Amino acid sequence: MKHFPTSLPWAIATTAAFALVSPPLTAQTPSPAPAPGEQLPVLRHVLDNGMTFLILPRRQAPTVSLVVHYPVGSVNEHLGNTGIAHVLEHMLFKGSREIGTTDPVLEAPLLAAADAAHDSLLTELARPHPDTTRARRLTDAVASFEDQAEVYAVPNEYDRILSAAGARGLNATTSLEATRYFVQLPANRLELWFALESDRMRNPVLRGFHTELDVVREERRLRLETSPGGIIQTALLATAFQVHPYGVPVIGHAADLEYMSRRQVAEYFRDYYGARNAVAAVVGDVDADQVVEWAEEYFGAVPEGRPAPPVLAREPEQAGERRITVEFDAEPRLMIAWRAVSGLHEDAPALQMLGSLLTAGRSTRLYRRLVAEDQSAIHVSAHLGPGFSHPGLFIVNAVPKAPHTTHELELSIYQELDDIRASAPEPDALDRIKNQIRAGEFRRLSSNLELGMQIAESEAVFGDWRETFRLSRRILEVTPEDVRRVAVKYLDVRNRTVATMVTKGGSQ
Amino acid sequence: MNRGYAAGASRASRSSRLPAHRGSSGWFGTIATVNSWLRIAGAAAALLAPTLPAPATGQESVRDRIASLEVPELRFTPVKPREETVRGVPVYYLPNHELPLVTFYAVFKGGVANLPRDYLAAASAMPNLLRGGGTASLPPDSVDVRIESLALAMSFGQGGGSASSWVNFLAEHLDEAVPLWAEMLRRPRFDSARVEVWRGTELERVRRRGDDPASLAYSRFNRIMYGDHPVGWELDASELEPGDVAEEKLRHVHEALFCPGNMVLGVAGDVAWDRAEALLEEALSGWAACSGNLQEYPVPDIRREPGVFVIHKPIEQSVVIAAHTSSVRQGDTPAYFASRIGNSILGASGLSSRLNTEVRTREGLAYGASSIWTTPRRSDGLVGAVTRTGARSTLAAARLLLEVLGSMRDAPPTAEEVSRVVDEAVNGFVFNFGTPLQVVARSMTYRTLDLPADWLERYLEGIRRVTPGGVHEVFRGELDPARMTILLVGDTTRFDGSPSELGTVTILEEEPPPPGSSPPRESPRSPG
């Protein structure tokens, strides 16, 4: 989720770093040539502390897109600290020892005192019978110290400095499996980014902590508690995953946010947001040698940190269909999910193809059946999710059109899936999807920022920035029989979880 | 506080948001000192090391480093599109051959706002039916298959005053993609089954309008402010009868809007001009002239009385909107440029704006807060603010919005605030040229809005001349928090006070009243 609400300028950019030729759109004979993205002249440079820089000069407009990707997300959390990666994402915009304050020397002991008071508060609240008077006194003490510290705060100074330099799209996102920070700058301001980003990696100060937790709680209300889509998805994942952290929303449990401490978040940062987990992408009008020089100079002293907490949880085999109904002040919705595989699994491309065949376009099976012919739905979509690296779900999302019910939609969806299980889909339908993937191989290169995100993530996950481009090619090899096979293998009633939203006080 | 301006209201107690104070109220007033607390905390303080910044031994001051950075001059010549004319239609063209992708783009002057309300459904349906309703020569299913086979990316859209469409494709499909796109725009079939799908979908969207509280709030606020004017129209189920999207009505709208006389075209990407021109010649050849059925954009009679409107909705987070009219018009005037800089300082410049700094960063009341300041060219607009906050802080957030708005009227912004937002625009000037399509689309927009071709340069020159005094002057003339119309959408049973603290209250139902009715027809009631 984004750190604050702005819209990213996903402009369709084209640049002069390379000239590429379109491969023929003949799905039956996939080209053995590398994907266009694999041919990008990316320079990979690894610092002694393990931080990796991917540098891609593209010289059209004099701008540069900058991404720092950490393979640390909510999947690495556990009960008690859920939401911590996302809270940290917010807190890294609070500045550093120098940025964001008028007097770090006077501010630091006040923040330390607030932390000490908060630790004592949590200790008191953990007692079987907390002393409410003492708890309130401790609460007041935390607030008092934070108020005193705020006297020295310069709100949003990090943002102000970059904005005044002409920055665009300064933001960050936290997902199930990663946290990433990004910004675009005029090319002549590149060294400013090196100075600021390395400073917050070395000396972050998580000031204004409890106020920012309030902001996170508001974000939770926005995305999860007042959004029908957020509510039903949360219910679906929590029902389908009873062990694996995919079942916990990225933003965390409300109770964990309630008791999270600044010290806890700072320790999390120190441990897992070090150089060895960081992959930076620098894409735009840059001199690669200069970037390497600045990378060494500014980031060379960033502590290494530790590998992200391993995710060892394995979801037990599902023993039968699970159903969950949520009531909300909104019209009905439906989500159906089957236990499936990770994005790395050999069956993942066929499941992705299945999702596309069902809903990626107006000529697809479920769109035609539900939206165009039966007119029982106003929306239907299917995908493999919710993450990538761990065994996930094949998810169908549908919104009924009154007077049709979620029950009717469910039956129609099962009928269409039965058809695919019975007979492989037409090759023409696969070819249309493959043609879109081939065109997408060029479209995904258009934006410097989006490209930076792709190669940084690929490097962080696979240790190879090219792998992201190879992955999409796997779908080009999927056959109609592959699709039928995975439908039979995974879309079984015993693997299924169904979430239904019903209107509060209504009938469905 | 480091406020560089006067915003004098007292701040909420942070302690009320900490765990031990959940469900309680009041401030216990124990003002601790660092030393006393560290003595009390004892061993706990020893655990603090990770949260404290390590002494920066050997580290150069980052402030010193930033101050000493050299900012090399950007070697940059802004690109301009070629302006051509094909069969009387202006075409902006900017080639780029780095990727084998091409975009053709069309903008049409005129929209829903230029048609009588009787045509609201037909006009609203137009983007969907141009995309999905088939063409004279191809039924809808064939068009869908063709689009997916050629891997075309397409968009059809419509605002109040204009409509637009683009198609993006691999260069090798140029000769197939452009004629198909042109036929979709020019000779729509309006297949009756697809019309019915649109109508049914739209009826369902009307039913679901309340699902998203923000959409509900914006829609109702526009209706409150603009009444029976296109900006205030909310499509109602009674306007979605089959006759409302009868073919004759669809044709009437299409012939009035989607015609060469209203059209501005753009071409960007991997295509030579002679090929693009030949395709456009063919597309435009014989395209009937505009029917002339568009009416002048009606001048809105915007609500000017202050008031508070409340919609009860049992949800966790409220929507708060406050605004009143503004007479600033888009144009090459000092007031306009001052309004743009003032708007950025107030709430349009991300985290650092006053609204985000106060509502989000200092008070933690919202995930975000932003300003509204619309500046139509030929009529009044709105100035105000919007945010979303927990049900129990609805009134506090509303009061803070008004306070921050008032701070812009009461004193000039600081020189630092003005220079920051001007620098953001000036130093970020290069981002206006990120892609050829961006450059082409900007020229098309200026042409459609009758702005001068060098409007971007004039804009930058205009904002460079803005002073804190100029911003203050425009806010003093245009902004008065006491005149605000305020809309609160949320769980009134959990509000932190009575909406009547903000003004005279009118309760609205979530379901809108019938089309054509204006706010005064809605009976004022107490919030209960």
# chains A, B, ... in the order shown; residues from 1 in each chain; ligands from 1
>>> residues_around(residues="range 461-465 of chain A", least_positions_apart="6", cutoff="9 Å", atoms="only C-alpha atoms", output="list in words")
Glu38, Val42, Arg44, Leu54, Pro71, Ser389, Gln454 and Ile455 of chain A
>>> select_by_dssp(residues="range 329-440 of chain B", states="strand (DSSP E or B)", output="list in words")
Ala369, Ser370, Ser371, Ile372, Trp373, Gly381, Leu382, Val383, Gly384, Ala385, Val386, Thr387, Arg388, Thr389 and Gly390 of chain B
>>> closest_residue(among="A:Val216, A:Leu106, A:Ala187, A:Ala382", to="Tyr152 in chain A", atoms="only C-alpha atoms")
A:Leu106
>>> residues_around(residues="Glu296 in chain B", least_positions_apart="4", cutoff="10 Å", atoms="only C-alpha atoms", output="mmCIF file with N, CA, C and O atoms, in the first residue's frame")
data_model
loop_
_atom_site.group_PDB
_atom_site.id
_atom_site.type_symbol
_atom_site.label_atom_id
_atom_site.label_comp_id
_atom_site.auth_asym_id
_atom_site.auth_seq_id
_atom_site.Cartn_x
_atom_site.Cartn_y
_atom_site.Cartn_z
ATOM 1 N N GLY B 110 -16.649 18.999 -26.235
ATOM 2 C CA GLY B 110 -18.069 18.828 -25.936
ATOM 3 C C GLY B 110 -18.322 17.532 -25.192
ATOM 4 O O GLY B 110 -17.605 16.536 -25.357
ATOM 5 N N ALA B 113 -22.156 17.909 -20.598
ATOM 6 C CA ALA B 113 -22.576 19.250 -20.188
ATOM 7 C C ALA B 113 -23.123 20.084 -21.346
ATOM 8 O O ALA B 113 -23.725 21.130 -21.117
ATOM 9 N N ASN B 114 -22.899 19.623 -22.570
ATOM 10 C CA ASN B 114 -23.382 20.375 -23.724
ATOM 11 C C ASN B 114 -24.667 19.794 -24.315
ATOM 12 O O ASN B 114 -25.047 20.105 -25.431
ATOM 13 N N LEU B 115 -25.292 18.923 -23.532
ATOM 14 C CA LEU B 115 -26.525 18.284 -24.000
ATOM 15 C C LEU B 115 -27.602 18.436 -22.929
ATOM 16 O O LEU B 115 -27.290 18.528 -21.741
#
>>> residues_around(residues="Ala280 in chain A", least_positions_apart="3", cutoff="7 Å", atoms="only C-alpha atoms", output="number ranges by chain")
A: 52-54, 67-69, 456
>>> closest_residue(among="A:Trp294, A:Phe194, A:Phe388, A:Phe241", to="Arg322 in chain A", atoms="only C-alpha atoms")
A:Phe241
>>> closest_residue(among="A:Thr497, A:Thr234, A:Gln264, A:Ser458", to="chain B", atoms="only C-alpha atoms")
A:Gln264
>>> closest_atom_pairs(of="range 201-295 of chain B", to="range 328-343 of chain A", cutoff="12 Å", atoms="only C-alpha atoms", output="JSON lines")
{"residue": "B:Glu204", "atom": "CA", "partner": "A:Glu331", "partner_atom": "CA", "distance": 9.5}
{"residue": "B:Arg205", "atom": "CA", "partner": "A:Glu331", "partner_atom": "CA", "distance": 10.1}
{"residue": "B:Val206", "atom": "CA", "partner": "A:Glu331", "partner_atom": "CA", "distance": 11.0}
{"residue": "B:Arg207", "atom": "CA", "partner": "A:Glu331", "partner_atom": "CA", "distance": 7.9}
{"residue": "B:Arg208", "atom": "CA", "partner": "A:Glu331", "partner_atom": "CA", "distance": 6.2}
{"residue": "B:Arg209", "atom": "CA", "partner": "A:Ala330", "partner_atom": "CA", "distance": 9.1}
{"residue": "B:Gly210", "atom": "CA", "partner": "A:Ala330", "partner_atom": "CA", "distance": 7.0}
{"residue": "B:Asp211", "atom": "CA", "partner": "A:Ala330", "partner_atom": "CA", "distance": 4.8}
{"residue": "B:Asp212", "atom": "CA", "partner": "A:Ala330", "partner_atom": "CA", "distance": 8.2}
{"residue": "B:Pro213", "atom": "CA", "partner": "A:Ala330", "partner_atom": "CA", "distance": 10.0}
>>> atom_distance(atom1="CA of His254 in chain B", atom2="CA of Val86 in chain B")
21.0 Å
>>> residues_around(residues="Pro376 in chain B", least_positions_apart="4", cutoff="10 Å", atoms="only C-alpha atoms", output="PDB file with all heavy atoms, in the first residue's frame")
ATOM      1  N   SER B 326     -15.659  30.072  -5.823  1.00  0.00           N
ATOM      2  CA  SER B 326     -14.482  30.899  -6.078  1.00  0.00           C
ATOM      3  C   SER B 326     -14.652  31.543  -7.446  1.00  0.00           C
ATOM      4  O   SER B 326     -15.105  30.901  -8.394  1.00  0.00           O
ATOM      5  CB  SER B 326     -13.215  30.043  -6.073  1.00  0.00           C
ATOM      6  OG  SER B 326     -12.160  30.727  -6.723  1.00  0.00           O
ATOM      7  N   SER B 327     -14.265  32.800  -7.548  1.00  0.00           N
ATOM      8  CA  SER B 327     -14.445  33.505  -8.821  1.00  0.00           C
ATOM      9  C   SER B 327     -13.180  33.495  -9.682  1.00  0.00           C
ATOM     10  O   SER B 327     -13.164  34.076 -10.762  1.00  0.00           O
ATOM     11  CB  SER B 327     -14.865  34.957  -8.550  1.00  0.00           C
ATOM     12  OG  SER B 327     -13.809  35.641  -7.892  1.00  0.00           O
ATOM     13  N   VAL B 328     -12.130  32.840  -9.201  1.00  0.00           N
ATOM     14  CA  VAL B 328     -10.883  32.824  -9.984  1.00  0.00           C
ATOM     15  C   VAL B 328     -11.072  31.942 -11.218  1.00  0.00           C
ATOM     16  O   VAL B 328     -11.538  30.818 -11.119  1.00  0.00           O
ATOM     17  CB  VAL B 328      -9.710  32.292  -9.138  1.00  0.00           C
ATOM     18  CG1 VAL B 328      -8.441  32.215  -9.990  1.00  0.00           C
ATOM     19  CG2 VAL B 328      -9.475  33.168  -7.922  1.00  0.00           C
ATOM     20  N   ARG B 329     -10.719  32.493 -12.367  1.00  0.00           N
ATOM     21  CA  ARG B 329     -10.840  31.751 -13.632  1.00  0.00           C
ATOM     22  C   ARG B 329      -9.449  31.415 -14.161  1.00  0.00           C
ATOM     23  O   ARG B 329      -8.508  32.191 -13.979  1.00  0.00           O
ATOM     24  CB  ARG B 329     -11.574  32.591 -14.684  1.00  0.00           C
ATOM     25  CG  ARG B 329     -12.880  33.208 -14.207  1.00  0.00           C
ATOM     26  CD  ARG B 329     -14.009  32.193 -14.158  1.00  0.00           C
ATOM     27  NE  ARG B 329     -15.199  32.773 -13.536  1.00  0.00           N
ATOM     28  CZ  ARG B 329     -16.175  33.384 -14.205  1.00  0.00           C
ATOM     29  NH1 ARG B 329     -16.078  33.526 -15.508  1.00  0.00           N
ATOM     30  NH2 ARG B 329     -17.231  33.853 -13.564  1.00  0.00           N
ATOM     31  N   GLN B 330      -9.362  30.284 -14.857  1.00  0.00           N
ATOM     32  CA  GLN B 330      -8.088  29.952 -15.481  1.00  0.00           C
ATOM     33  C   GLN B 330      -7.750  30.989 -16.552  1.00  0.00           C
ATOM     34  O   GLN B 330      -8.570  31.267 -17.432  1.00  0.00           O
ATOM     35  CB  GLN B 330      -8.147  28.566 -16.130  1.00  0.00           C
ATOM     36  CG  GLN B 330      -6.812  28.126 -16.709  1.00  0.00           C
ATOM     37  CD  GLN B 330      -6.892  26.759 -17.372  1.00  0.00           C
ATOM     38  OE1 GLN B 330      -7.947  26.346 -17.833  1.00  0.00           O
ATOM     39  NE2 GLN B 330      -5.780  26.058 -17.412  1.00  0.00           N
ATOM     40  N   GLY B 331      -6.568  31.548 -16.471  1.00  0.00           N
ATOM     41  CA  GLY B 331      -6.166  32.549 -17.447  1.00  0.00           C
ATOM     42  C   GLY B 331      -4.852  33.189 -17.048  1.00  0.00           C
ATOM     43  O   GLY B 331      -4.330  32.949 -15.955  1.00  0.00           O
ATOM     44  N   ASP B 380     -17.666  30.284 -12.347  1.00  0.00           N
ATOM     45  CA  ASP B 380     -17.059  30.159 -11.030  1.00  0.00           C
ATOM     46  C   ASP B 380     -16.719  28.701 -10.733  1.00  0.00           C
ATOM     47  O   ASP B 380     -17.294  27.776 -11.305  1.00  0.00           O
ATOM     48  CB  ASP B 380     -18.028  30.673  -9.956  1.00  0.00           C
ATOM     49  CG  ASP B 380     -18.125  32.192  -9.949  1.00  0.00           C
ATOM     50  OD1 ASP B 380     -17.380  32.835 -10.735  1.00  0.00           O
ATOM     51  OD2 ASP B 380     -18.921  32.740  -9.173  1.00  0.00           O
ATOM     52  N   GLY B 381     -15.819  28.525  -9.785  1.00  0.00           N
ATOM     53  CA  GLY B 381     -15.458  27.182  -9.343  1.00  0.00           C
ATOM     54  C   GLY B 381     -15.661  27.060  -7.847  1.00  0.00           C
ATOM     55  O   GLY B 381     -16.438  27.810  -7.242  1.00  0.00           O
ATOM     56  N   LEU B 382     -14.966  26.085  -7.250  1.00  0.00           N
ATOM     57  CA  LEU B 382     -15.069  25.850  -5.813  1.00  0.00           C
ATOM     58  C   LEU B 382     -13.691  25.910  -5.184  1.00  0.00           C
ATOM     59  O   LEU B 382     -12.696  25.519  -5.788  1.00  0.00           O
ATOM     60  CB  LEU B 382     -15.663  24.466  -5.532  1.00  0.00           C
ATOM     61  CG  LEU B 382     -17.098  24.186  -5.969  1.00  0.00           C
ATOM     62  CD1 LEU B 382     -17.459  22.733  -5.653  1.00  0.00           C
ATOM     63  CD2 LEU B 382     -18.063  25.147  -5.292  1.00  0.00           C
TER      64      LEU B 382
END
